[in-house]
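Asks: Provided below: protein.cif, containing mmCIF, C-alpha atoms.
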```cif
data_input
loop_
_atom_site.label_atom_id
_atom_site.label_comp_id
_atom_site.auth_asym_id
_atom_site.auth_seq_id
_atom_site.Cartn_x
_atom_site.Cartn_y
_atom_site.Cartn_z
CA MET I 199 -23.73 4.99 -26.26
CA SER I 200 -22.76 7.99 -28.35
CA GLU I 201 -19.86 8.02 -30.74
CA ILE I 202 -16.83 10.10 -30.02
CA GLN I 203 -14.46 11.41 -32.64
CA PHE I 204 -10.92 12.51 -31.99
CA GLU I 205 -7.40 12.22 -33.31
CA ILE I 206 -4.50 10.00 -32.30
CA ASP I 207 -1.11 10.68 -33.90
CA GLY I 208 -2.78 12.44 -36.86
CA GLN I 209 -5.23 9.60 -37.43
CA GLN I 210 -9.01 10.13 -37.08
CA VAL I 211 -10.41 7.73 -34.51
CA THR I 212 -13.98 6.86 -33.58
CA ALA I 213 -14.74 5.44 -30.17
CA THR I 214 -17.76 4.95 -27.93
CA ASP I 215 -18.43 6.97 -24.83
CA GLY I 216 -16.86 5.50 -21.70
CA MET I 217 -13.87 3.95 -23.43
CA THR I 218 -10.42 4.91 -22.29
CA LEU I 219 -7.82 6.43 -24.60
CA LEU I 220 -5.82 3.23 -24.39
CA ASP I 221 -8.82 1.08 -25.41
CA ALA I 222 -9.50 3.34 -28.37
CA ALA I 223 -5.87 3.33 -29.47
CA GLN I 224 -5.60 -0.44 -29.20
CA ALA I 225 -8.82 -0.89 -31.16
CA GLU I 226 -7.23 1.16 -33.96
CA GLY I 227 -3.99 -0.78 -33.75
CA ILE I 228 -2.05 2.17 -32.38
CA TYR I 229 0.61 1.00 -29.94
CA ILE I 230 0.96 2.56 -26.48
CA PRO I 231 3.37 0.83 -24.10
CA THR I 232 1.86 -0.55 -20.87
CA LEU I 233 2.96 -2.52 -17.84
CA CYS I 234 0.03 -2.62 -15.44
CA HIS I 235 -2.71 -2.94 -18.07
CA HIS I 236 -4.57 -6.21 -18.62
CA GLU I 237 -7.63 -6.59 -20.81
CA LYS I 238 -9.53 -8.66 -18.25
CA LEU I 239 -8.90 -6.22 -15.40
CA GLU I 240 -10.25 -2.83 -14.42
CA PRO I 241 -7.95 0.08 -15.31
CA PHE I 242 -5.51 0.71 -12.48
CA GLY I 243 -3.16 3.49 -13.60
CA ALA I 244 -0.22 2.32 -11.52
CA CYS I 245 2.79 2.20 -13.84
CA ARG I 246 2.23 5.50 -15.71
CA ILE I 247 4.13 4.14 -18.74
CA CYS I 248 1.09 4.67 -20.98
CA ILE I 249 1.29 8.43 -20.46
CA VAL I 250 0.36 10.48 -23.56
CA GLU I 251 -0.01 14.12 -24.50
CA VAL I 252 -3.56 15.38 -24.98
CA GLU I 253 -4.35 18.66 -26.73
CA ASP I 254 -7.79 19.98 -25.83
CA ARG I 255 -8.90 23.37 -27.22
CA GLY I 256 -5.31 24.50 -27.62
CA TRP I 257 -4.15 23.37 -24.20
CA THR I 258 -1.86 20.39 -23.90
CA LYS I 259 -1.68 18.21 -20.85
CA LEU I 260 -0.18 14.90 -19.93
CA VAL I 261 -2.59 12.12 -19.05
CA VAL I 262 -2.36 8.43 -18.31
CA SER I 263 -4.16 6.86 -21.26
CA CYS I 264 -5.35 3.70 -19.46
CA VAL I 265 -7.56 5.72 -17.09
CA TYR I 266 -8.42 8.73 -19.28
CA PRO I 267 -11.87 8.62 -20.89
CA VAL I 268 -12.12 9.53 -24.58
CA GLN I 269 -13.38 13.01 -25.40
CA ASN I 270 -14.66 14.68 -28.54
CA GLY I 271 -12.18 16.71 -30.57
CA ILE I 272 -9.03 16.06 -28.58
CA ILE I 273 -5.68 15.53 -30.27
CA VAL I 274 -3.61 12.75 -28.74
CA ARG I 275 0.10 12.29 -29.27
CA THR I 276 1.46 8.93 -28.17
CA ARG I 277 5.06 9.90 -28.91
CA SER I 278 6.47 13.37 -28.47
CA GLU I 279 9.71 14.69 -27.09
CA LYS I 280 8.08 15.33 -23.73
CA VAL I 281 6.24 12.00 -23.53
CA ASP I 282 9.40 10.11 -24.48
CA ARG I 283 11.41 11.96 -21.86
CA ILE I 284 8.89 11.18 -19.13
CA ARG I 285 8.63 7.52 -20.15
CA LYS I 286 12.41 7.30 -20.09
CA THR I 287 12.51 8.58 -16.50
CA ILE I 288 9.68 6.25 -15.41
CA ILE I 289 11.58 3.29 -16.88
CA GLU I 290 14.76 4.38 -15.15
CA LEU I 291 12.96 4.67 -11.82
CA LEU I 292 11.34 1.26 -12.22
CA MET I 293 14.69 -0.24 -13.17
CA ALA I 294 16.11 0.84 -9.83
CA HIS I 295 13.68 -1.73 -8.39
CA ALA I 296 13.72 -4.41 -11.07
CA PRO I 297 16.92 -4.08 -13.11
CA ASP I 298 16.52 -7.34 -15.05
CA ALA I 299 12.83 -7.33 -15.96
CA PRO I 300 12.64 -8.29 -19.68
CA GLN I 301 9.84 -5.82 -20.48
CA LEU I 302 11.75 -2.98 -18.84
CA LEU I 303 14.99 -3.88 -20.64
CA GLU I 304 13.16 -3.80 -23.96
CA MET I 305 11.55 -0.44 -23.21
CA ALA I 306 14.87 0.92 -21.97
CA LYS I 307 16.34 0.20 -25.37
CA GLU I 308 13.43 1.89 -27.12
CA TYR I 309 13.51 5.06 -25.01
CA GLY I 310 17.25 5.23 -24.37
CA ALA I 311 16.85 4.81 -20.62
CA VAL I 312 20.01 4.43 -18.57
CA PRO I 313 19.40 1.36 -16.35
CA ASP I 314 21.62 2.50 -13.49
CA ARG I 315 20.72 6.18 -13.47
CA TYR I 316 19.16 5.84 -10.02
CA GLU I 317 20.65 4.07 -7.05
CA LYS I 318 19.69 0.39 -7.02
CA ASP I 319 16.95 -0.59 -4.60
CA PRO I 320 16.15 -4.12 -5.77
CA SER I 321 12.73 -4.77 -4.29
CA PHE I 322 11.86 -6.45 -7.64
CA CYS I 323 8.17 -5.63 -7.26
CA ILE I 324 7.07 -2.62 -9.33
CA HIS I 325 3.58 -2.51 -7.75
CA CYS I 326 1.76 -3.03 -11.05
CA GLY I 327 -0.88 -4.89 -9.04
CA LEU I 328 -1.49 -7.44 -11.82
CA CYS I 329 -1.29 -10.46 -9.49
CA VAL I 330 -3.36 -8.83 -6.75
CA ARG I 331 -6.03 -7.60 -9.14
CA TYR I 332 -6.14 -10.83 -11.15
CA CYS I 333 -6.65 -12.83 -7.97
CA ALA I 334 -9.41 -10.49 -6.82
CA GLU I 335 -11.21 -9.77 -10.11
CA VAL I 336 -10.78 -12.81 -12.35
CA THR I 337 -10.26 -15.85 -10.15
CA GLN I 338 -11.95 -14.11 -7.17
CA LYS I 339 -9.91 -16.09 -4.69
CA HIS I 340 -8.29 -13.19 -2.87
CA ALA I 341 -5.22 -15.22 -2.03
CA LEU I 342 -2.86 -12.28 -2.06
CA GLY I 343 -3.04 -8.56 -1.51
CA PHE I 344 -0.99 -5.49 -0.86
CA VAL I 345 0.20 -4.70 2.66
CA ASP I 346 1.71 -1.56 4.14
CA ARG I 347 2.04 1.68 2.20
CA GLY I 348 4.43 3.99 0.41
CA ILE I 349 7.95 2.68 0.06
CA ASN I 350 7.13 -0.27 2.32
CA LYS I 351 4.22 -1.50 0.21
CA GLU I 352 4.54 -5.12 -0.85
CA ILE I 353 2.48 -8.10 -1.91
CA SER I 354 1.54 -10.65 0.71
CA PHE I 355 -0.23 -14.01 0.57
CA VAL I 356 -2.94 -14.98 3.05
CA PRO I 357 -1.51 -18.39 4.07
CA GLU I 358 -4.86 -20.14 4.68
CA VAL I 359 -6.29 -19.13 1.32
CA ALA I 360 -3.04 -19.51 -0.60
CA ALA I 361 -2.42 -23.03 0.73
CA LYS I 362 -5.81 -24.10 -0.57
CA GLU I 363 -6.08 -22.19 -3.84
CA CYS I 364 -2.64 -21.38 -5.19
CA PRO I 365 -1.09 -24.83 -5.89
CA ASP I 366 -3.71 -25.60 -8.57
CA CYS I 367 -4.14 -22.09 -9.94
CA LYS I 368 -0.97 -20.03 -10.38
CA GLU I 369 -2.74 -18.14 -13.20
CA CYS I 370 -1.17 -14.90 -12.05
CA PHE I 371 2.39 -16.18 -12.43
CA PRO I 372 2.87 -15.35 -16.13
CA LEU I 373 1.46 -11.83 -15.56
CA CYS I 374 4.29 -10.64 -13.33
CA PRO I 375 6.67 -8.43 -15.29
CA THR I 376 9.56 -9.05 -12.91
CA SER I 377 9.16 -12.66 -11.66
CA TYR I 378 9.03 -11.27 -8.12
CA LEU I 379 5.61 -12.86 -7.63
CA GLN I 380 6.97 -16.37 -8.17
CA ALA I 381 9.76 -15.69 -5.70
CA ALA I 382 7.34 -14.25 -3.15
CA TYR I 383 5.12 -17.31 -3.55
CA VAL I 384 7.94 -19.80 -2.96
CA TYR I 385 9.07 -17.74 0.01
CA ALA I 386 5.59 -17.50 1.54
CA GLN I 387 4.96 -21.17 0.87
CA SER I 388 8.12 -22.37 2.59
CA LEU I 389 7.45 -20.10 5.57
CA SER I 390 3.76 -20.45 6.20
CA PHE I 391 2.17 -23.33 4.28
CA PRO I 392 4.87 -25.91 3.51
CA THR I 393 2.43 -28.64 2.50
CA ALA I 394 2.57 -28.84 -1.29
CA MET Q 118 -10.39 -11.49 22.54
CA GLU Q 119 -13.75 -13.24 22.75
CA MET Q 120 -15.62 -13.72 19.51
CA ASP Q 121 -18.84 -12.59 21.23
CA LYS Q 122 -17.36 -9.14 21.61
CA VAL Q 123 -16.37 -9.08 17.93
CA ASP Q 124 -19.85 -10.22 16.94
CA GLN Q 125 -21.39 -7.50 19.11
CA ILE Q 126 -19.30 -4.83 17.39
CA ILE Q 127 -20.21 -6.19 13.95
CA GLU Q 128 -23.87 -6.29 15.03
CA LYS Q 129 -23.67 -2.66 16.16
CA TYR Q 130 -22.81 -1.68 12.57
CA ASN Q 131 -25.48 -3.99 11.09
CA GLY Q 132 -22.77 -6.13 9.51
CA GLU Q 133 -22.42 -3.68 6.63
CA ALA Q 134 -19.20 -3.92 4.68
CA SER Q 135 -19.12 -0.13 4.29
CA ASN Q 136 -18.58 0.12 8.05
CA LEU Q 137 -15.46 -2.06 7.90
CA LEU Q 138 -13.06 0.67 8.99
CA GLN Q 139 -15.24 1.67 11.96
CA ILE Q 140 -15.59 -1.95 13.04
CA MET Q 141 -11.83 -2.41 12.89
CA LEU Q 142 -11.31 0.78 14.92
CA ASP Q 143 -13.76 -0.44 17.56
CA ILE Q 144 -11.99 -3.79 17.85
CA GLN Q 145 -8.68 -1.96 18.08
CA SER Q 146 -9.85 0.29 20.92
CA GLU Q 147 -11.63 -2.57 22.72
CA ASN Q 148 -8.69 -4.95 22.54
CA ASN Q 149 -5.67 -2.70 21.91
CA TRP Q 150 -4.75 -4.77 18.87
CA LEU Q 151 -6.31 -6.77 16.03
CA PRO Q 152 -6.00 -10.53 16.56
CA LYS Q 153 -6.05 -12.65 13.41
CA GLU Q 154 -9.11 -14.61 14.58
CA ALA Q 155 -11.07 -11.39 15.03
CA LEU Q 156 -10.17 -10.21 11.53
CA ALA Q 157 -11.08 -13.60 10.07
CA ARG Q 158 -14.45 -13.30 11.80
CA VAL Q 159 -15.01 -9.79 10.43
CA SER Q 160 -14.00 -10.99 6.96
CA GLU Q 161 -16.48 -13.86 7.13
CA LYS Q 162 -19.39 -11.83 8.55
CA LEU Q 163 -19.03 -8.86 6.20
CA SER Q 164 -18.01 -10.97 3.20
CA VAL Q 165 -14.94 -8.82 2.71
CA PRO Q 166 -11.79 -10.66 1.58
CA LEU Q 167 -9.07 -10.97 4.20
CA THR Q 168 -6.59 -9.39 1.77
CA ARG Q 169 -8.57 -6.14 1.86
CA ILE Q 170 -8.71 -6.15 5.67
CA GLN Q 171 -4.99 -6.92 5.80
CA HIS Q 172 -4.30 -4.00 3.46
CA ILE Q 173 -6.30 -1.59 5.62
CA ALA Q 174 -4.86 -2.91 8.89
CA THR Q 175 -1.31 -2.38 7.64
CA PHE Q 176 -2.07 0.94 5.96
CA TYR Q 177 -3.22 2.93 9.01
CA LYS Q 178 -0.91 3.47 11.93
CA ALA Q 179 -3.89 3.38 14.30
CA PHE Q 180 -4.06 -0.39 13.87
CA SER Q 181 -1.75 -2.93 15.39
CA LEU Q 182 -1.48 -6.56 14.32
CA VAL Q 183 0.64 -7.43 17.36
CA PRO Q 184 -0.41 -7.20 21.01
CA LYS Q 185 0.07 -3.78 22.63
CA GLY Q 186 0.82 -3.03 26.27
CA ARG Q 187 -1.69 -1.71 28.80
CA HIS Q 188 0.13 1.61 28.89
CA LYS Q 189 1.17 3.48 25.79
CA VAL Q 190 4.31 5.50 26.29
CA HIS Q 191 4.98 8.19 23.71
CA ILE Q 192 8.33 9.93 23.78
CA CYS Q 193 8.46 13.18 21.86
CA VAL Q 194 11.55 13.44 19.71
CA GLY Q 195 10.49 16.58 17.85
CA THR Q 196 13.01 19.38 17.39
CA ALA Q 197 12.23 21.26 20.61
CA CYS Q 198 12.25 18.15 22.78
CA HIS Q 199 15.29 16.83 20.95
CA VAL Q 200 17.41 19.87 21.78
CA ARG Q 201 16.20 19.71 25.37
CA GLY Q 202 17.45 16.15 25.73
CA ALA Q 203 14.72 13.78 24.47
CA THR Q 204 17.40 11.24 23.56
CA ARG Q 205 18.33 10.89 27.22
CA ILE Q 206 14.67 10.43 28.18
CA LEU Q 207 14.27 7.79 25.48
CA ASP Q 208 17.40 5.99 26.70
CA THR Q 209 16.01 6.00 30.24
CA VAL Q 210 12.67 4.61 29.08
CA GLU Q 211 14.45 1.92 27.08
CA ASP Q 212 16.55 1.01 30.11
CA SER Q 213 13.72 0.85 32.63
CA THR Q 214 11.19 -0.92 30.38
CA GLY Q 215 13.70 -3.01 28.47
CA ILE Q 216 12.08 -2.29 25.10
CA LYS Q 217 12.80 -0.08 22.12
CA PRO Q 218 10.37 2.21 20.24
CA GLY Q 219 7.73 0.16 18.41
CA GLU Q 220 8.02 -2.75 20.83
CA THR Q 221 5.93 -4.15 23.69
CA ASP Q 222 7.26 -5.91 26.78
CA LEU Q 223 6.45 -9.53 27.60
CA ASP Q 224 3.96 -8.78 30.43
CA LEU Q 225 2.10 -6.42 28.06
CA LYS Q 226 2.68 -3.57 30.48
CA PHE Q 227 4.23 -0.93 28.23
CA SER Q 228 4.35 -0.14 24.52
CA VAL Q 229 6.88 2.51 23.58
CA GLU Q 230 6.64 4.76 20.53
CA THR Q 231 8.47 7.86 19.47
CA VAL Q 232 6.36 10.74 18.19
CA ASN Q 233 7.40 13.88 16.39
CA CYS Q 234 5.56 16.56 18.32
CA LEU Q 235 2.92 16.56 21.01
CA GLY Q 236 2.24 20.27 20.63
CA CYS Q 237 3.54 21.43 23.98
CA CYS Q 238 7.14 22.28 23.12
CA ALA Q 239 7.50 24.63 26.09
CA LEU Q 240 7.22 21.58 28.34
CA GLY Q 241 10.01 19.70 26.54
CA PRO Q 242 11.29 17.12 26.83
CA VAL Q 243 7.86 15.54 26.95
CA MET Q 244 6.71 12.01 27.68
CA GLU Q 245 3.07 11.03 27.26
CA VAL Q 246 1.67 7.98 29.01
CA ASP Q 247 -1.93 6.95 28.17
CA GLY Q 248 -2.69 10.49 27.07
CA LYS Q 249 -1.29 12.11 30.19
CA ILE Q 250 1.50 14.59 29.53
CA HIS Q 251 4.62 14.48 31.67
CA GLY Q 252 6.59 17.66 30.96
CA LYS Q 253 10.11 18.93 31.66
CA MET Q 254 11.34 15.38 32.15
CA SER Q 255 14.70 14.38 33.51
CA PRO Q 256 15.98 10.80 33.46
CA ASN Q 257 15.21 10.61 37.21
CA LYS Q 258 11.67 11.91 36.89
CA THR Q 259 11.11 9.54 33.96
CA THR Q 260 11.98 6.44 35.98
CA GLN Q 261 9.79 7.64 38.85
CA ALA Q 262 6.86 8.36 36.53
CA LEU Q 263 7.08 4.93 34.92
CA GLU Q 264 7.15 3.26 38.34
CA THR Q 265 3.70 4.66 39.17
CA TYR Q 266 2.10 2.54 36.40
CA GLU Q 267 0.90 -0.96 37.08
#
```
What's the structure tokens form of this structure?

Replies:
Amino acid sequence: MSEIQFEIDGQQVTATDGMTLLDAAQAEGIYIPTLCHHEKLEPFGACRICIVEVEDRGWTKLVVSCVYPVQNGIIVRTRSEKVDRIRKTIIELLMAHAPDAPQLLEMAKEYGAVPDRYEKDPSFCIHCGLCVRYCAEVTQKHALGFVDRGINKEISFVPEVAAKECPDCKECFPLCPTSYLQAAYVYAQSLSFPTA
Amino acid sequence: MEMDKVDQIIEKYNGEASNLLQIMLDIQSENNWLPKEALARVSEKLSVPLTRIQHIATFYKAFSLVPKGRHKVHICVGTACHVRGATRILDTVEDSTGIKPGETDLDLKFSVETVNCLGCCALGPVMEVDGKIHGKMSPNKTTQALETYE
């Protein structure tokens, strides 16, 4: 593993090859906001909140830090006018789905996002995939997964597995940024495995 | 669907998880839809979680998780067919089969879908049944054409 040197917000940072920008920043104590990131899970890159500006040989580009591998000599800016503007819009779009999520409300304050800028479409799930990935990668029970695609994508429990595994586990519950998971669980339980 | 048939299909692909999509397609074309028991069997044999199979089965439009009719009726509602009266054809089909687009009748005879273009706009309005194109349809011709299917 070779060492990689670059700069984040004017600070010299050393990281090992294969790390992501977000890992490197967190190791240095530099804060980058995240929603779909979890230390025990593989990078997913769903929420795009951790977007940062990367300057590489004079060219700047916007990358999602949780899935961008570190590179020698790049200059990373975690806050810039452009990054802040994009984060603000992402928060506003997510808030159309989950207007009362505590994490989103906090970020909205920080970035000056207008909660009702976009028409409300309260699906409550922001597709961060934390519950689905936690169930698959950490507990390896595969009790719930995504179904459908695009605007119809949603989480769905497999009744047979969920009835057996979920009542004693529920480890994914605190991960959900919007509490939609808990609601979906109660709903699925009452419909398809009303035993517990 | 018999489990033997599912097992045969899985066997044909050596039970490799990388062939999951092909196995699902084969079950779909064999049976016209994907019964839950068949998917559970595939999940067990390939050691692929049911959540993954469920995700794939709902992602692609080629798969159906509900029974489909013996005859697939596609009504073109693309621009050319629309201006030539596809709505009237669709109404006729709905009346004579008793089902709406996306549905299947109780005797599993017909499944009706709307499609956006079948590529033969000069024949509009077009109805396709089991891959056979019926062109320049009128409500009368539509009813007659549907009556020929058993």

Asks: Can you check which parts of chain Q lie within 8 Å of chain I? Per residue, the shortest pair of atoms and distance in Å to one decimal, counting only C-alpha atoms, sorted by chain and number, as a tab-separated table.

Replies:
```
residue	atom	partner	partner_atom	distance
Q:Pro166	CA	I:His340	CA	6.2
Q:Leu167	CA	I:Val356	CA	7.4
Q:Thr168	CA	I:Gly343	CA	4.9
Q:Arg169	CA	I:Gly343	CA	6.9
Q:Gln171	CA	I:Val345	CA	6.5
Q:His172	CA	I:Val345	CA	4.6
Q:Ile173	CA	I:Val345	CA	7.8
Q:Thr175	CA	I:Asp346	CA	4.7
Q:Phe176	CA	I:Asp346	CA	4.9
```

Asks: Emit the selected residues as an mmCIF file, in the coordinates of the input, including C-alpha atoms.

Replies:
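Written file, out.cif:
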```cif
data_model
loop_
_atom_site.group_PDB
_atom_site.id
_atom_site.type_symbol
_atom_site.label_atom_id
_atom_site.label_comp_id
_atom_site.auth_asym_id
_atom_site.auth_seq_id
_atom_site.Cartn_x
_atom_site.Cartn_y
_atom_site.Cartn_z
ATOM 1 C CA PRO Q 166 -11.790 -10.660 1.580
ATOM 2 C CA LEU Q 167 -9.070 -10.970 4.200
ATOM 3 C CA THR Q 168 -6.590 -9.390 1.770
ATOM 4 C CA ARG Q 169 -8.570 -6.140 1.860
ATOM 5 C CA GLN Q 171 -4.990 -6.920 5.800
ATOM 6 C CA HIS Q 172 -4.300 -4.000 3.460
ATOM 7 C CA ILE Q 173 -6.300 -1.590 5.620
ATOM 8 C CA THR Q 175 -1.310 -2.380 7.640
ATOM 9 C CA PHE Q 176 -2.070 0.940 5.960
#
```

Asks: On this structure, the PyMOL selection byres ((chain I and resi 377) around 12) would catch which residues? List them as a VMD selection string, sorted by chain and number.

Replies: chain I and resid 296 to 301 321 to 324 328 to 329 370 to 376 378 to 384

Asks: Can you turn the PyMOL selection byres ((chain Q and resi 161) around 12) into a concrete residue list for this file, as a list in words?

Replies: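 Evaluating the PyMOL selection byres ((chain Q and resi 161) around 12) on this file yields Val123, Asp124, Ile127, Gly132, Glu133, Ala134, Leu137, Glu154, Ala155, Leu156, Ala157, Arg158, Val159, Ser160, Lys162, Leu163, Ser164, Val165, Pro166, Leu167 and Ile170 of chain Q.
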
Asks: Given the file shown, enumerate the residues that the PyMOL selection byres ((chain I and resi 255) around 10) captures and present them as a list in words.

Replies: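 Residues picked by the PyMOL selection byres ((chain I and resi 255) around 10): Val252, Glu253, Asp254, Gly256, Trp257, Thr258, Gly271, Ile272 and Ile273 of chain I.
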
Asks: Work out how far apart atom CA of Q:Gly241 and atom CA of Q:Gly195 are and give it in Å to one decimal.

Replies: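 If I compute the distance from atom CA of Q:Gly241 to atom CA of Q:Gly195, I get 9.2 Å.
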
Asks: Please measure the separation of atom CA of I:Phe204 and atom CA of I:Ala222, giving the value in Å to one decimal.

Replies: 10.0 Å

Asks: Rounded to one decimal in Å, what is the spacing between atom CA of I:Gln209 and atom CA of I:Ser263?

Replies: 16.4 Å

Asks: Can you tell me which residues surround stretch 203-209 of chain Q at a distance of at most 9 Å, considering only C-alpha atoms, apart from same-chain residues fewer than 5 positions away, and format the answer as number ranges by chain?

Replies: Q: 192-195, 197-198, 214, 217-218, 231, 241-244, 254-257, 259-260

Asks: Just to be explicit: take each residue in the selection above, keep C-alpha atoms, and write the result as a compact mmCIF listing (two decimals), keeping the file's coordinate frame.

Replies:
```txt
# COMPACT_ATOMS: atom_id res chain seq x y z
CA ILE Q 192 8.33 9.93 23.78
CA CYS Q 193 8.46 13.18 21.86
CA VAL Q 194 11.55 13.44 19.71
CA GLY Q 195 10.49 16.58 17.85
CA ALA Q 197 12.23 21.26 20.61
CA CYS Q 198 12.25 18.15 22.78
CA THR Q 214 11.19 -0.92 30.38
CA LYS Q 217 12.80 -0.08 22.12
CA PRO Q 218 10.37 2.21 20.24
CA THR Q 231 8.47 7.86 19.47
CA GLY Q 241 10.01 19.70 26.54
CA PRO Q 242 11.29 17.12 26.83
CA VAL Q 243 7.86 15.54 26.95
CA MET Q 244 6.71 12.01 27.68
CA MET Q 254 11.34 15.38 32.15
CA SER Q 255 14.70 14.38 33.51
CA PRO Q 256 15.98 10.80 33.46
CA ASN Q 257 15.21 10.61 37.21
CA THR Q 259 11.11 9.54 33.96
CA THR Q 260 11.98 6.44 35.98
```

Asks: Pick from I:Ile349, I:Leu219, I:Ile247, I:Met305: nearest to I:Val268, with only C-alpha atoms counted?

Replies: I:Leu219

Asks: Within 9 Å of Q:Ala179, counting only C-alpha atoms, which residues qualify if same-chain residues fewer than 5 places away don't, as a PyMOL selection string?

Replies: chain Q and resi 142+145+174

Asks: Could you give me the centre and size, in Å to one decimal, of an axis-aligned box around all listed atoms of stretch 283-286 of chain I with 6 Å added on every side, as AutoDock Vina command-line options?

Replies:
```
--center_x 10.5 --center_y 9.6 --center_z -20.5 --size_x 15.8 --size_y 16.7 --size_z 14.7
```

Asks: For Q:Phe180, which residue among Q:Thr196, Q:Gln261, Q:Ser213, Q:Ser146 is the nearest when counting all atoms listed in the file?

Replies: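 Checking each of Q:Thr196, Q:Gln261, Q:Ser213, Q:Ser146 against Q:Phe180, counting all atoms listed in the file, the winner is Q:Ser146.
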
Asks: Any idea what's packed within 12 Å of I:Ile228, counting all atoms listed in the file, ignoring anything in its chain fewer than 2 positions away? Could you give it as a ChimeraX atom specification?

Replies: /I:205-211,219-226,230-231,274-277

Asks: With distances taken over only C-alpha atoms, which of Q:Thr265, Q:Asn131, Q:Ile144, Q:Gln139 is nearest to Q:Glu119?

Replies: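 Answer, going by the shortest atom-to-atom distance: Q:Ile144.
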
Asks: Is it possible to get the residues within 12 Å of (0.3, -25.5, -5.3) (coordinates as in the file, counting all atoms listed in the file) written as a list in words?

Replies: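 Those residues lying close to the given coordinates are Pro357, Val359, Ala360, Ala361, Lys362, Glu363, Cys364, Pro365, Asp366, Cys367, Lys368, Glu369, Phe371, Gln380, Tyr383, Val384, Ala386, Gln387, Ser388, Phe391, Pro392, Thr393 and Ala394 of chain I.
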
Asks: Tell me, as a list in words, which residues lie within 10 Å of I:Gly243, counting only C-alpha atoms; anything in the same chain fewer than 3 positions away does not count.

Replies: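 Here the answer would be Thr232, Leu233, Cys234, His235, Glu240, Arg246, Ile247, Cys248, Ile249, Val262, Ser263, Cys264, Val265, Tyr266, Cys326 and Gly327 of chain I.
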
Asks: Would you export the selected residues with C-alpha atoms as an mmCIF file, in the frame of the given file, please?

Replies:
```
data_model
loop_
_atom_site.group_PDB
_atom_site.id
_atom_site.type_symbol
_atom_site.label_atom_id
_atom_site.label_comp_id
_atom_site.auth_asym_id
_atom_site.auth_seq_id
_atom_site.Cartn_x
_atom_site.Cartn_y
_atom_site.Cartn_z
ATOM 1 C CA THR I 232 1.860 -0.550 -20.870
ATOM 2 C CA LEU I 233 2.960 -2.520 -17.840
ATOM 3 C CA CYS I 234 0.030 -2.620 -15.440
ATOM 4 C CA HIS I 235 -2.710 -2.940 -18.070
ATOM 5 C CA GLU I 240 -10.250 -2.830 -14.420
ATOM 6 C CA ARG I 246 2.230 5.500 -15.710
ATOM 7 C CA ILE I 247 4.130 4.140 -18.740
ATOM 8 C CA CYS I 248 1.090 4.670 -20.980
ATOM 9 C CA ILE I 249 1.290 8.430 -20.460
ATOM 10 C CA VAL I 262 -2.360 8.430 -18.310
ATOM 11 C CA SER I 263 -4.160 6.860 -21.260
ATOM 12 C CA CYS I 264 -5.350 3.700 -19.460
ATOM 13 C CA VAL I 265 -7.560 5.720 -17.090
ATOM 14 C CA TYR I 266 -8.420 8.730 -19.280
ATOM 15 C CA CYS I 326 1.760 -3.030 -11.050
ATOM 16 C CA GLY I 327 -0.880 -4.890 -9.040
#
```

Asks: Which residue out of Q:Gly215, Q:Val210, Q:Met141, Q:Met118 has the minimum interatomic distance to Q:Lys258 when only C-alpha atoms are used?

Replies: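 Closest residue, counting only C-alpha atoms: Q:Val210.
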
Asks: Find the residue from Q:Tyr177, Q:Gly186, Q:Cys238, Q:Lys122 that sits nearest to Q:Leu138; use only C-alpha atoms when measuring.

Replies: Q:Tyr177

Asks: Excluding stretch 290-292 of chain I and any residue of its chain fewer than 4 positions from it, enumerate the residues within 7 Å of it, using only C-alpha atoms, and give them as a PyMOL selection string.

Replies: chain I and resi 286+296+311-313+315-316+324

Asks: Generate a file of the selected residues that holds C-alpha atoms, formatted as an mmCIF file, in the frame of the given file.

Replies:
```
data_model
loop_
_atom_site.group_PDB
_atom_site.id
_atom_site.type_symbol
_atom_site.label_atom_id
_atom_site.label_comp_id
_atom_site.auth_asym_id
_atom_site.auth_seq_id
_atom_site.Cartn_x
_atom_site.Cartn_y
_atom_site.Cartn_z
ATOM 1 C CA LYS I 286 12.410 7.300 -20.090
ATOM 2 C CA ALA I 296 13.720 -4.410 -11.070
ATOM 3 C CA ALA I 311 16.850 4.810 -20.620
ATOM 4 C CA VAL I 312 20.010 4.430 -18.570
ATOM 5 C CA PRO I 313 19.400 1.360 -16.350
ATOM 6 C CA ARG I 315 20.720 6.180 -13.470
ATOM 7 C CA TYR I 316 19.160 5.840 -10.020
ATOM 8 C CA ILE I 324 7.070 -2.620 -9.330
#
```
